[in-house]
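Peer 1: Data file my_file-v8.pdb (PDB, C-alpha atoms and all ligand atoms) is appended below.
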ATOM      1  CA  MET A  75       8.015  18.603 -19.662  1.00  0.00           C
ATOM      2  CA  ILE A  76       6.972  16.142 -16.956  1.00  0.00           C
ATOM      3  CA  LYS A  77       6.938  18.031 -13.679  1.00  0.00           C
ATOM      4  CA  ILE A  78       7.745  16.535 -10.300  1.00  0.00           C
ATOM      5  CA  ALA A  79       7.317  17.881  -6.794  1.00  0.00           C
ATOM      6  CA  ILE A  80       9.805  17.068  -4.056  1.00  0.00           C
ATOM      7  CA  PHE A  81       8.312  16.802  -0.558  1.00  0.00           C
ATOM      8  CA  ALA A  82      10.921  17.090   2.192  1.00  0.00           C
ATOM      9  CA  SER A  83      11.126  18.016   5.854  1.00  0.00           C
ATOM     10  CA  GLY A  84      14.843  18.262   6.489  1.00  0.00           C
ATOM     11  CA  THR A  85      18.240  18.970   5.012  1.00  0.00           C
ATOM     12  CA  GLY A  86      17.419  17.860   1.542  1.00  0.00           C
ATOM     13  CA  SER A  87      20.666  16.214   0.518  1.00  0.00           C
ATOM     14  CA  ASN A  88      18.644  13.793  -1.620  1.00  0.00           C
ATOM     15  CA  ALA A  89      16.597  16.679  -2.976  1.00  0.00           C
ATOM     16  CA  ARG A  90      19.840  18.367  -4.019  1.00  0.00           C
ATOM     17  CA  LYS A  91      21.050  15.263  -5.852  1.00  0.00           C
ATOM     18  CA  ILE A  92      17.730  14.966  -7.670  1.00  0.00           C
ATOM     19  CA  ILE A  93      17.710  18.633  -8.653  1.00  0.00           C
ATOM     20  CA  GLU A  94      21.303  18.481  -9.860  1.00  0.00           C
ATOM     21  CA  TYR A  95      20.676  15.293 -11.812  1.00  0.00           C
ATOM     22  CA  LEU A  96      17.619  16.740 -13.542  1.00  0.00           C
ATOM     23  CA  ASP A  97      19.142  20.158 -14.178  1.00  0.00           C
ATOM     24  CA  GLY A  98      18.988  20.650 -17.951  1.00  0.00           C
ATOM     25  CA  HIS A  99      16.994  17.407 -18.453  1.00  0.00           C
ATOM     26  CA  THR A 100      14.950  17.500 -21.627  1.00  0.00           C
ATOM     27  CA  GLN A 101      11.893  15.671 -20.259  1.00  0.00           C
ATOM     28  CA  ILE A 102      11.672  15.979 -16.490  1.00  0.00           C
ATOM     29  CA  GLU A 103      11.721  19.102 -14.361  1.00  0.00           C
ATOM     30  CA  VAL A 104      11.451  19.782 -10.631  1.00  0.00           C
ATOM     31  CA  GLY A 105       8.459  22.114 -10.514  1.00  0.00           C
ATOM     32  CA  LEU A 106       7.955  22.465  -6.767  1.00  0.00           C
ATOM     33  CA  ILE A 107       9.577  21.876  -3.405  1.00  0.00           C
ATOM     34  CA  LEU A 108       7.055  21.413  -0.622  1.00  0.00           C
ATOM     35  CA  SER A 109       7.901  21.262   3.058  1.00  0.00           C
ATOM     36  CA  ASN A 110       5.997  21.052   6.324  1.00  0.00           C
ATOM     37  CA  ARG A 111       8.648  23.172   8.056  1.00  0.00           C
ATOM     38  CA  THR A 112       9.192  26.885   7.397  1.00  0.00           C
ATOM     39  CA  ASN A 113      12.863  26.650   8.323  1.00  0.00           C
ATOM     40  CA  ALA A 114      13.696  23.386   6.558  1.00  0.00           C
ATOM     41  CA  LYS A 115      17.061  23.675   4.831  1.00  0.00           C
ATOM     42  CA  VAL A 116      15.645  22.005   1.756  1.00  0.00           C
ATOM     43  CA  LEU A 117      13.766  25.248   0.998  1.00  0.00           C
ATOM     44  CA  ASP A 118      17.074  27.066   0.400  1.00  0.00           C
ATOM     45  CA  LEU A 119      17.507  24.813  -2.615  1.00  0.00           C
ATOM     46  CA  ALA A 120      14.401  26.330  -4.140  1.00  0.00           C
ATOM     47  CA  ASP A 121      15.994  29.784  -3.944  1.00  0.00           C
ATOM     48  CA  GLU A 122      19.322  28.485  -5.178  1.00  0.00           C
ATOM     49  CA  TYR A 123      17.825  26.804  -8.236  1.00  0.00           C
ATOM     50  CA  GLY A 124      14.857  29.092  -8.887  1.00  0.00           C
ATOM     51  CA  ILE A 125      12.275  26.411  -8.098  1.00  0.00           C
ATOM     52  CA  HIS A 126       8.825  27.227  -6.681  1.00  0.00           C
ATOM     53  CA  LYS A 127       8.408  26.389  -2.998  1.00  0.00           C
ATOM     54  CA  ARG A 128       5.508  26.029  -0.601  1.00  0.00           C
ATOM     55  CA  VAL A 129       5.251  25.363   3.128  1.00  0.00           C
ATOM     56  CA  ILE A 130       2.158  23.504   4.211  1.00  0.00           C
ATOM     57  CA  SER A 131       0.419  23.188   7.589  1.00  0.00           C
ATOM     58  CA  LYS A 132      -0.996  19.904   8.832  1.00  0.00           C
ATOM     59  CA  ASP A 133      -4.564  21.163   8.454  1.00  0.00           C
ATOM     60  CA  ASN A 134      -3.995  22.256   4.881  1.00  0.00           C
ATOM     61  CA  PHE A 135      -2.299  18.967   4.096  1.00  0.00           C
ATOM     62  CA  LYS A 136      -5.418  17.111   5.237  1.00  0.00           C
ATOM     63  CA  ASP A 137      -7.491  19.242   2.897  1.00  0.00           C
ATOM     64  CA  LYS A 138      -7.734  17.627  -0.523  1.00  0.00           C
ATOM     65  CA  GLY A 139      -8.785  20.772  -2.335  1.00  0.00           C
ATOM     66  CA  PHE A 140      -5.921  22.770  -0.908  1.00  0.00           C
ATOM     67  CA  THR A 141      -3.101  20.308  -1.547  1.00  0.00           C
ATOM     68  CA  ILE A 142      -4.256  18.975  -4.897  1.00  0.00           C
ATOM     69  CA  GLY A 143      -4.909  22.604  -5.843  1.00  0.00           C
ATOM     70  CA  ILE A 144      -1.243  23.445  -5.266  1.00  0.00           C
ATOM     71  CA  LEU A 145      -0.010  20.391  -7.154  1.00  0.00           C
ATOM     72  CA  GLU A 146      -2.312  21.058 -10.092  1.00  0.00           C
ATOM     73  CA  SER A 147      -1.392  24.709 -10.229  1.00  0.00           C
ATOM     74  CA  PHE A 148       2.196  23.615 -10.881  1.00  0.00           C
ATOM     75  CA  ASN A 149       1.182  20.819 -13.237  1.00  0.00           C
ATOM     76  CA  ILE A 150       2.766  18.171 -11.038  1.00  0.00           C
ATOM     77  CA  SER A 151       2.636  14.597 -12.351  1.00  0.00           C
ATOM     78  CA  TYR A 152       4.852  12.843  -9.792  1.00  0.00           C
ATOM     79  CA  VAL A 153       5.548  13.379  -6.119  1.00  0.00           C
ATOM     80  CA  ILE A 154       8.941  12.404  -4.720  1.00  0.00           C
ATOM     81  CA  LEU A 155       9.274  12.012  -0.965  1.00  0.00           C
ATOM     82  CA  ALA A 156      12.828  12.753   0.117  1.00  0.00           C
ATOM     83  CA  GLY A 157      12.772  12.788   3.890  1.00  0.00           C
ATOM     84  CA  PHE A 158       9.148  13.857   4.313  1.00  0.00           C
ATOM     85  CA  LEU A 159       7.860  12.837   7.708  1.00  0.00           C
ATOM     86  CA  TRP A 160       4.085  13.041   7.431  1.00  0.00           C
ATOM     87  CA  LEU A 161       1.892  10.181   6.359  1.00  0.00           C
ATOM     88  CA  ILE A 162       0.489  10.783   2.883  1.00  0.00           C
ATOM     89  CA  PRO A 163      -3.305  11.168   3.008  1.00  0.00           C
ATOM     90  CA  GLU A 164      -5.563   8.699   1.227  1.00  0.00           C
ATOM     91  CA  TYR A 165      -6.896  11.318  -1.226  1.00  0.00           C
ATOM     92  CA  MET A 166      -3.364  11.896  -2.539  1.00  0.00           C
ATOM     93  CA  ILE A 167      -2.717   8.207  -2.984  1.00  0.00           C
ATOM     94  CA  GLU A 168      -5.891   8.012  -5.064  1.00  0.00           C
ATOM     95  CA  SER A 169      -5.163  11.125  -7.119  1.00  0.00           C
ATOM     96  CA  TYR A 170      -1.510  10.187  -7.658  1.00  0.00           C
ATOM     97  CA  HIS A 171      -1.836   6.423  -7.910  1.00  0.00           C
ATOM     98  CA  ARG A 172       1.652   4.892  -8.402  1.00  0.00           C
ATOM     99  CA  LYS A 173       2.980   8.375  -8.859  1.00  0.00           C
ATOM    100  CA  ILE A 174       4.276   8.948  -5.323  1.00  0.00           C
ATOM    101  CA  ILE A 175       7.734   7.554  -4.667  1.00  0.00           C
ATOM    102  CA  ASN A 176       9.592   7.350  -1.360  1.00  0.00           C
ATOM    103  CA  ILE A 177      13.103   6.419  -0.350  1.00  0.00           C
ATOM    104  CA  HIS A 178      13.713   4.623   2.924  1.00  0.00           C
ATOM    105  CA  PRO A 179      17.142   4.052   4.506  1.00  0.00           C
ATOM    106  CA  SER A 180      16.817   0.318   5.181  1.00  0.00           C
ATOM    107  CA  LEU A 181      16.137  -2.907   3.382  1.00  0.00           C
ATOM    108  CA  LEU A 182      12.361  -2.961   3.741  1.00  0.00           C
ATOM    109  CA  PRO A 183      10.306  -4.666   5.083  1.00  0.00           C
ATOM    110  CA  LYS A 184      12.989  -4.581   7.780  1.00  0.00           C
ATOM    111  CA  TYR A 185      13.200  -1.413   9.870  1.00  0.00           C
ATOM    112  CA  GLY A 186      10.186   0.330   8.385  1.00  0.00           C
ATOM    113  CA  GLY A 187       7.003   1.750   9.875  1.00  0.00           C
ATOM    114  CA  LYS A 188       6.059   4.557  12.193  1.00  0.00           C
ATOM    115  CA  GLY A 189       8.985   6.008  14.110  1.00  0.00           C
ATOM    116  CA  MET A 190      11.518   4.295  11.860  1.00  0.00           C
ATOM    117  CA  TYR A 191      13.250   7.244  10.315  1.00  0.00           C
ATOM    118  CA  GLY A 192      16.663   8.866  10.432  1.00  0.00           C
ATOM    119  CA  MET A 193      19.069   7.575  13.057  1.00  0.00           C
ATOM    120  CA  ASN A 194      16.349   5.426  14.668  1.00  0.00           C
ATOM    121  CA  VAL A 195      16.700   3.106  11.701  1.00  0.00           C
ATOM    122  CA  HIS A 196      20.478   2.852  11.846  1.00  0.00           C
ATOM    123  CA  ARG A 197      20.509   2.408  15.622  1.00  0.00           C
ATOM    124  CA  ALA A 198      18.081  -0.489  15.317  1.00  0.00           C
ATOM    125  CA  VAL A 199      20.159  -2.052  12.539  1.00  0.00           C
ATOM    126  CA  LYS A 200      23.260  -1.806  14.745  1.00  0.00           C
ATOM    127  CA  ALA A 201      21.443  -3.155  17.805  1.00  0.00           C
ATOM    128  CA  ASN A 202      20.489  -6.245  15.845  1.00  0.00           C
ATOM    129  CA  ASN A 203      24.034  -6.813  14.594  1.00  0.00           C
ATOM    130  CA  GLU A 204      22.918  -6.854  10.991  1.00  0.00           C
ATOM    131  CA  ILE A 205      25.595  -7.754   8.472  1.00  0.00           C
ATOM    132  CA  GLU A 206      24.045  -5.613   5.762  1.00  0.00           C
ATOM    133  CA  SER A 207      21.776  -2.632   5.310  1.00  0.00           C
ATOM    134  CA  GLY A 208      20.760  -0.520   2.346  1.00  0.00           C
ATOM    135  CA  ILE A 209      18.029   1.494   0.705  1.00  0.00           C
ATOM    136  CA  SER A 210      14.539   0.853  -0.576  1.00  0.00           C
ATOM    137  CA  ILE A 211      12.760   2.953  -3.168  1.00  0.00           C
ATOM    138  CA  HIS A 212       9.043   2.224  -3.180  1.00  0.00           C
ATOM    139  CA  TYR A 213       5.616   3.408  -4.243  1.00  0.00           C
ATOM    140  CA  VAL A 214       3.703   5.014  -1.424  1.00  0.00           C
ATOM    141  CA  ASN A 215       0.466   3.647  -0.045  1.00  0.00           C
ATOM    142  CA  SER A 216      -1.491   4.642   3.015  1.00  0.00           C
ATOM    143  CA  GLU A 217       0.769   2.808   5.494  1.00  0.00           C
ATOM    144  CA  PHE A 218       4.273   3.972   6.403  1.00  0.00           C
ATOM    145  CA  ASP A 219       6.901   2.206   4.252  1.00  0.00           C
ATOM    146  CA  GLU A 220       4.585  -0.539   2.986  1.00  0.00           C
ATOM    147  CA  GLY A 221       4.085   0.290  -0.675  1.00  0.00           C
ATOM    148  CA  GLU A 222       5.415  -1.882  -3.493  1.00  0.00           C
ATOM    149  CA  ILE A 223       9.207  -1.931  -3.616  1.00  0.00           C
ATOM    150  CA  ILE A 224      10.706  -0.720  -6.874  1.00  0.00           C
ATOM    151  CA  PHE A 225      14.418  -0.907  -6.164  1.00  0.00           C
ATOM    152  CA  GLN A 226      16.819  -1.906  -3.395  1.00  0.00           C
ATOM    153  CA  SER A 227      20.554  -1.631  -3.017  1.00  0.00           C
ATOM    154  CA  LYS A 228      22.682  -3.122  -0.238  1.00  0.00           C
ATOM    155  CA  CYS A 229      25.846  -2.270   1.620  1.00  0.00           C
ATOM    156  CA  THR A 230      27.920  -4.573   3.790  1.00  0.00           C
ATOM    157  CA  LEU A 231      28.301  -3.734   7.456  1.00  0.00           C
ATOM    158  CA  GLU A 232      31.373  -4.456   9.558  1.00  0.00           C
ATOM    159  CA  GLN A 233      31.419  -5.210  13.271  1.00  0.00           C
ATOM    160  CA  ASN A 234      32.987  -1.875  14.031  1.00  0.00           C
ATOM    161  CA  ASP A 235      30.360   0.106  12.097  1.00  0.00           C
ATOM    162  CA  SER A 236      28.456   2.537  14.324  1.00  0.00           C
ATOM    163  CA  PRO A 237      24.957   3.888  13.646  1.00  0.00           C
ATOM    164  CA  GLU A 238      26.726   6.978  12.250  1.00  0.00           C
ATOM    165  CA  THR A 239      28.940   5.072   9.819  1.00  0.00           C
ATOM    166  CA  ILE A 240      25.965   2.948   8.773  1.00  0.00           C
ATOM    167  CA  ALA A 241      24.027   6.160   8.092  1.00  0.00           C
ATOM    168  CA  LYS A 242      26.877   7.420   5.923  1.00  0.00           C
ATOM    169  CA  LYS A 243      27.069   4.217   3.870  1.00  0.00           C
ATOM    170  CA  VAL A 244      23.310   4.210   3.345  1.00  0.00           C
ATOM    171  CA  LEU A 245      23.127   7.891   2.408  1.00  0.00           C
ATOM    172  CA  GLU A 246      25.816   7.326  -0.209  1.00  0.00           C
ATOM    173  CA  LEU A 247      23.619   4.652  -1.789  1.00  0.00           C
ATOM    174  CA  GLU A 248      20.633   7.000  -1.721  1.00  0.00           C
ATOM    175  CA  HIS A 249      22.527   9.751  -3.509  1.00  0.00           C
ATOM    176  CA  LYS A 250      23.887   7.328  -6.073  1.00  0.00           C
ATOM    177  CA  HIS A 251      20.623   5.639  -6.996  1.00  0.00           C
ATOM    178  CA  PHE A 252      17.582   7.781  -6.198  1.00  0.00           C
ATOM    179  CA  PRO A 253      17.850  10.337  -9.039  1.00  0.00           C
ATOM    180  CA  ARG A 254      18.463   7.673 -11.667  1.00  0.00           C
ATOM    181  CA  ILE A 255      15.644   5.438 -10.431  1.00  0.00           C
ATOM    182  CA  ILE A 256      13.209   8.374 -10.411  1.00  0.00           C
ATOM    183  CA  GLU A 257      14.125   9.105 -14.016  1.00  0.00           C
ATOM    184  CA  LYS A 258      13.747   5.449 -14.948  1.00  0.00           C
ATOM    185  CA  ILE A 259      10.300   5.166 -13.364  1.00  0.00           C
ATOM    186  CA  ILE A 260       9.008   8.339 -14.934  1.00  0.00           C
ATOM    187  CA  LEU A 261      10.322   7.589 -18.393  1.00  0.00           C
ATOM    188  CA  ASN A 262       9.404   3.943 -18.006  1.00  0.00           C
ATOM    189  CA  THR A 263      12.777   2.772 -19.225  1.00  0.00           C
TER     190      THR A 263
HETATM  191  C1  LIG A 301      17.024   9.896   3.908  1.00  0.00           C
HETATM  192  O1  LIG A 301      17.773   9.051   4.678  1.00  0.00           O
HETATM  193  C2  LIG A 301      15.823   9.161   3.357  1.00  0.00           C
HETATM  194  O2  LIG A 301      16.021   7.810   3.221  1.00  0.00           O
HETATM  195  C3  LIG A 301      14.770   9.398   4.385  1.00  0.00           C
HETATM  196  O3  LIG A 301      15.037  10.674   4.882  1.00  0.00           O
HETATM  197  C4  LIG A 301      16.400  11.024   4.706  1.00  0.00           C
HETATM  198  C5  LIG A 301      16.471  12.350   4.030  1.00  0.00           C
HETATM  199  O4  LIG A 301      17.755  12.885   4.057  1.00  0.00           O
HETATM  200  N1  LIG A 301      13.462   9.135   3.858  1.00  0.00           N
HETATM  201  P1  LIG A 301      18.094  14.193   3.280  1.00  0.00           P
HETATM  202  O5  LIG A 301      17.241  15.321   3.863  1.00  0.00           O
HETATM  203  O6  LIG A 301      17.823  13.981   1.838  1.00  0.00           O
HETATM  204  O7  LIG A 301      19.568  14.431   3.549  1.00  0.00           O
END
In structure tokens, what does this structure look like?
Peer 2:
Amino acid sequence: MIKIAIFASGTGSNARKIIEYLDGHTQIEVGLILSNRTNAKVLDLADEYGIHKRVISKDNFKDKGFTIGILESFNISYVILAGFLWLIPEYMIESYHRKIINIHPSLLPKYGGKGMYGMNVHRAVKANNEIESGISIHYVNSEFDEGEIIFQSKCTLEQNDSPETIAKKVLELEHKHFPRIIEKIILNT
């Protein structure tokens, strides 16, 4: 079994889709859910599906031995970021080279970078009267949202779309594509 860890800070609707998609998979298994927030809803998924979970503090996350120690203890080969808000430290990018994958709710390089997360992204898209938005799945490097893009998918925006309706359209694309793209990358198909 190839084991993946899901890192998430929030609700975990993408985490849920990934877990459901991989449930019963013959080659890939979610081995760990890691969050920086004790009360993140995503951690309930670990209980629901019997997956190991860990909460990490900022100091421990900066500590290579600590974090890599956790990942190795669960035999983790890939790290999936699904709404994880901390920058990934350099040591992790070296240890998990091209094995850390993030999803971002815009068509990168547009609307990426520090502070561009959640509704901030969709508000900026609306403010600029964009006619389309979408998702980007990319490898993670040491800058926010700048790693090599693996996959993008677009949705059309209408004049009467609000940041909220844009968010909904984009999230639908995330749920549709992220699990399948993760599988594809890992199995190299
Ligand atoms: C998603 O929009 C994703 O693109 C971003 O964080 C959000 C996570 O949402 N990186 P959820 O917790 O999976 O619902």
Peer 1: Expand the PyMOL selection byres (((chain A and resi 184) around 12) and not hetatm) into the explicit residue set it covers here, and present it as a list in words.
Peer 2: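 When the PyMOL selection byres (((chain A and resi 184) around 12) and not hetatm) is applied to the shown file, the picked residues are His178, Pro179, Ser180, Leu181, Leu182, Pro183, Tyr185, Gly186, Gly187, Met190, Val195, His196, Ala198, Val199, Asn202, Glu204, Glu206, Ser207, Gly208, Ile209, Ser210, Asp219 and Glu220 of chain A.
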Peer 1: Using all atoms of ligand LIG 301 (chain A) that appear in the file, construct an axis-aligned enclosing box with 5 Å of padding on every side and provide its centre coordinates and edge lengths in Å, rounded to one decimal, as lines of an AutoDock Vina configuration file.
Peer 2:
center_x = 16.5
center_y = 11.6
center_z = 3.4
size_x = 16.1
size_y = 17.5
size_z = 13.0
Peer 1: Can you tell me which residues surround A:His171 at a distance of at most 9 Å, considering all atoms listed in the file, apart from same-chain residues fewer than 3 positions away, and format the answer as a short mmCIF file (atom, residue, chain, number, x, y, z; two decimals) with C-alpha atoms, keeping the file's coordinate frame?
Peer 2:
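Output saved as out.cif:
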data_model
loop_
_atom_site.label_atom_id
_atom_site.label_comp_id
_atom_site.auth_asym_id
_atom_site.auth_seq_id
_atom_site.Cartn_x
_atom_site.Cartn_y
_atom_site.Cartn_z
CA MET A 166 -3.36 11.90 -2.54
CA ILE A 167 -2.72 8.21 -2.98
CA GLU A 168 -5.89 8.01 -5.06
CA ILE A 174 4.28 8.95 -5.32
CA TYR A 213 5.62 3.41 -4.24
CA VAL A 214 3.70 5.01 -1.42
CA ASN A 215 0.47 3.65 -0.04
#
Peer 1: Pick out the residues no farther than 6 Å from ligand LIG 301 (chain A), counting only C-alpha atoms and all ligand atoms, and list them as a CSV table (one decimal) with C-alpha atoms, in the frame of the given file.
Peer 2:
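Ended up saving to result_39.csv:
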chain,number,residue,atom,x,y,z
A,84,GLY,CA,14.8,18.3,6.5
A,85,THR,CA,18.2,19.0,5.0
A,86,GLY,CA,17.4,17.9,1.5
A,87,SER,CA,20.7,16.2,0.5
A,88,ASN,CA,18.6,13.8,-1.6
A,89,ALA,CA,16.6,16.7,-3.0
A,156,ALA,CA,12.8,12.8,0.1
A,157,GLY,CA,12.8,12.8,3.9
A,177,ILE,CA,13.1,6.4,-0.4
A,178,HIS,CA,13.7,4.6,2.9
A,179,PRO,CA,17.1,4.1,4.5
A,192,GLY,CA,16.7,8.9,10.4
A,245,LEU,CA,23.1,7.9,2.4
Peer 1: Rounded to one decimal in Å, what is the spacing between atom CA of A:Lys242 and atom CA of A:Leu96?
Peer 2: 23.5 Å
Peer 1: Using Å and a single decimal, report how far atom CA of A:Gln101 sits from atom CA of A:Met75.
Peer 2: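 Result for atom CA of A:Met75 versus atom CA of A:Gln101: 4.9 Å, one decimal.
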Peer 1: Give me the residues near A:Thr100 as JSON, numbers by chain, where near means some atom within 12 Å (using only C-alpha atoms) and where sequence neighbours in that chain fewer than 2 positions away do not count.
Peer 2: {"A": [75, 76, 77, 95, 96, 97, 98, 102, 103, 104, 257, 261]}
Peer 1: Separation of atom CA of A:His251 and atom CA of A:Ile107, in Å?
Peer 2: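 Here the two named atoms are 20.0 Å from each other.
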Peer 1: Is it possible to add all heavy atoms to stretch 210-219 of chain A and hand it back as a PDB file, in the coordinates of the input?
Peer 2:
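Heads up, here's the output in result00.pdb:
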ATOM      1  N   SER A 210      15.710   1.346   0.156  1.00  0.00           N
ATOM      2  CA  SER A 210      14.539   0.853  -0.576  1.00  0.00           C
ATOM      3  C   SER A 210      13.826   2.049  -1.197  1.00  0.00           C
ATOM      4  O   SER A 210      13.530   3.021  -0.501  1.00  0.00           O
ATOM      5  CB  SER A 210      13.563   0.152   0.371  1.00  0.00           C
ATOM      6  OG  SER A 210      14.192  -0.912   1.057  1.00  0.00           O
ATOM      7  N   ILE A 211      13.561   1.936  -2.483  1.00  0.00           N
ATOM      8  CA  ILE A 211      12.760   2.953  -3.168  1.00  0.00           C
ATOM      9  C   ILE A 211      11.430   2.276  -3.478  1.00  0.00           C
ATOM     10  O   ILE A 211      11.408   1.170  -4.028  1.00  0.00           O
ATOM     11  CB  ILE A 211      13.477   3.442  -4.448  1.00  0.00           C
ATOM     12  CG1 ILE A 211      14.798   4.128  -4.053  1.00  0.00           C
ATOM     13  CG2 ILE A 211      12.576   4.397  -5.254  1.00  0.00           C
ATOM     14  CD1 ILE A 211      15.707   4.478  -5.209  1.00  0.00           C
ATOM     15  N   HIS A 212      10.328   2.914  -3.055  1.00  0.00           N
ATOM     16  CA  HIS A 212       9.043   2.224  -3.180  1.00  0.00           C
ATOM     17  C   HIS A 212       7.898   3.184  -3.490  1.00  0.00           C
ATOM     18  O   HIS A 212       7.990   4.384  -3.195  1.00  0.00           O
ATOM     19  CB  HIS A 212       8.746   1.436  -1.886  1.00  0.00           C
ATOM     20  CG  HIS A 212       8.559   2.295  -0.669  1.00  0.00           C
ATOM     21  ND1 HIS A 212       7.316   2.711  -0.237  1.00  0.00           N
ATOM     22  CD2 HIS A 212       9.441   2.846   0.194  1.00  0.00           C
ATOM     23  CE1 HIS A 212       7.458   3.462   0.852  1.00  0.00           C
ATOM     24  NE2 HIS A 212       8.733   3.567   1.123  1.00  0.00           N
ATOM     25  N   TYR A 213       6.845   2.633  -4.078  1.00  0.00           N
ATOM     26  CA  TYR A 213       5.616   3.408  -4.243  1.00  0.00           C
ATOM     27  C   TYR A 213       5.013   3.607  -2.864  1.00  0.00           C
ATOM     28  O   TYR A 213       5.210   2.779  -1.969  1.00  0.00           O
ATOM     29  CB  TYR A 213       4.615   2.667  -5.136  1.00  0.00           C
ATOM     30  CG  TYR A 213       5.043   2.596  -6.576  1.00  0.00           C
ATOM     31  CD1 TYR A 213       5.383   1.376  -7.171  1.00  0.00           C
ATOM     32  CD2 TYR A 213       5.115   3.749  -7.356  1.00  0.00           C
ATOM     33  CE1 TYR A 213       5.785   1.314  -8.496  1.00  0.00           C
ATOM     34  CE2 TYR A 213       5.517   3.694  -8.687  1.00  0.00           C
ATOM     35  CZ  TYR A 213       5.851   2.478  -9.247  1.00  0.00           C
ATOM     36  OH  TYR A 213       6.251   2.425 -10.546  1.00  0.00           O
ATOM     37  N   VAL A 214       4.265   4.693  -2.724  1.00  0.00           N
ATOM     38  CA  VAL A 214       3.703   5.014  -1.424  1.00  0.00           C
ATOM     39  C   VAL A 214       2.239   4.593  -1.374  1.00  0.00           C
ATOM     40  O   VAL A 214       1.474   4.886  -2.297  1.00  0.00           O
ATOM     41  CB  VAL A 214       3.832   6.532  -1.160  1.00  0.00           C
ATOM     42  CG1 VAL A 214       3.081   6.947   0.090  1.00  0.00           C
ATOM     43  CG2 VAL A 214       5.306   6.895  -1.043  1.00  0.00           C
ATOM     44  N   ASN A 215       1.886   3.892  -0.298  1.00  0.00           N
ATOM     45  CA  ASN A 215       0.466   3.647  -0.045  1.00  0.00           C
ATOM     46  C   ASN A 215       0.112   4.239   1.311  1.00  0.00           C
ATOM     47  O   ASN A 215       0.909   4.997   1.877  1.00  0.00           O
ATOM     48  CB  ASN A 215       0.124   2.157  -0.185  1.00  0.00           C
ATOM     49  CG  ASN A 215       0.750   1.311   0.900  1.00  0.00           C
ATOM     50  OD1 ASN A 215       1.279   1.825   1.884  1.00  0.00           O
ATOM     51  ND2 ASN A 215       0.702   0.008   0.728  1.00  0.00           N
ATOM     52  N   SER A 216      -1.046   3.907   1.834  1.00  0.00           N
ATOM     53  CA  SER A 216      -1.491   4.642   3.015  1.00  0.00           C
ATOM     54  C   SER A 216      -0.847   4.189   4.329  1.00  0.00           C
ATOM     55  O   SER A 216      -1.139   4.736   5.382  1.00  0.00           O
ATOM     56  CB  SER A 216      -3.017   4.593   3.114  1.00  0.00           C
ATOM     57  OG  SER A 216      -3.432   3.274   2.964  1.00  0.00           O
ATOM     58  N   GLU A 217       0.032   3.203   4.286  1.00  0.00           N
ATOM     59  CA  GLU A 217       0.769   2.808   5.494  1.00  0.00           C
ATOM     60  C   GLU A 217       2.226   3.247   5.332  1.00  0.00           C
ATOM     61  O   GLU A 217       2.753   3.202   4.223  1.00  0.00           O
ATOM     62  CB  GLU A 217       0.751   1.277   5.660  1.00  0.00           C
ATOM     63  CG  GLU A 217      -0.618   0.646   5.670  1.00  0.00           C
ATOM     64  CD  GLU A 217      -1.475   1.082   6.832  1.00  0.00           C
ATOM     65  OE1 GLU A 217      -0.912   1.347   7.911  1.00  0.00           O
ATOM     66  OE2 GLU A 217      -2.704   1.182   6.660  1.00  0.00           O
ATOM     67  N   PHE A 218       2.861   3.598   6.446  1.00  0.00           N
ATOM     68  CA  PHE A 218       4.273   3.972   6.403  1.00  0.00           C
ATOM     69  C   PHE A 218       5.115   2.834   5.825  1.00  0.00           C
ATOM     70  O   PHE A 218       5.079   1.711   6.340  1.00  0.00           O
ATOM     71  CB  PHE A 218       4.794   4.270   7.819  1.00  0.00           C
ATOM     72  CG  PHE A 218       4.543   5.678   8.276  1.00  0.00           C
ATOM     73  CD1 PHE A 218       3.733   5.937   9.358  1.00  0.00           C
ATOM     74  CD2 PHE A 218       5.139   6.756   7.619  1.00  0.00           C
ATOM     75  CE1 PHE A 218       3.522   7.243   9.806  1.00  0.00           C
ATOM     76  CE2 PHE A 218       4.932   8.057   8.057  1.00  0.00           C
ATOM     77  CZ  PHE A 218       4.117   8.302   9.140  1.00  0.00           C
ATOM     78  N   ASP A 219       5.860   3.107   4.771  1.00  0.00           N
ATOM     79  CA  ASP A 219       6.901   2.206   4.252  1.00  0.00           C
ATOM     80  C   ASP A 219       6.390   0.844   3.781  1.00  0.00           C
ATOM     81  O   ASP A 219       7.136  -0.130   3.777  1.00  0.00           O
ATOM     82  CB  ASP A 219       8.000   1.980   5.317  1.00  0.00           C
ATOM     83  CG  ASP A 219       8.576   3.292   5.816  1.00  0.00           C
ATOM     84  OD1 ASP A 219       8.727   4.216   4.999  1.00  0.00           O
ATOM     85  OD2 ASP A 219       8.852   3.390   7.014  1.00  0.00           O
TER      86      ASP A 219
END
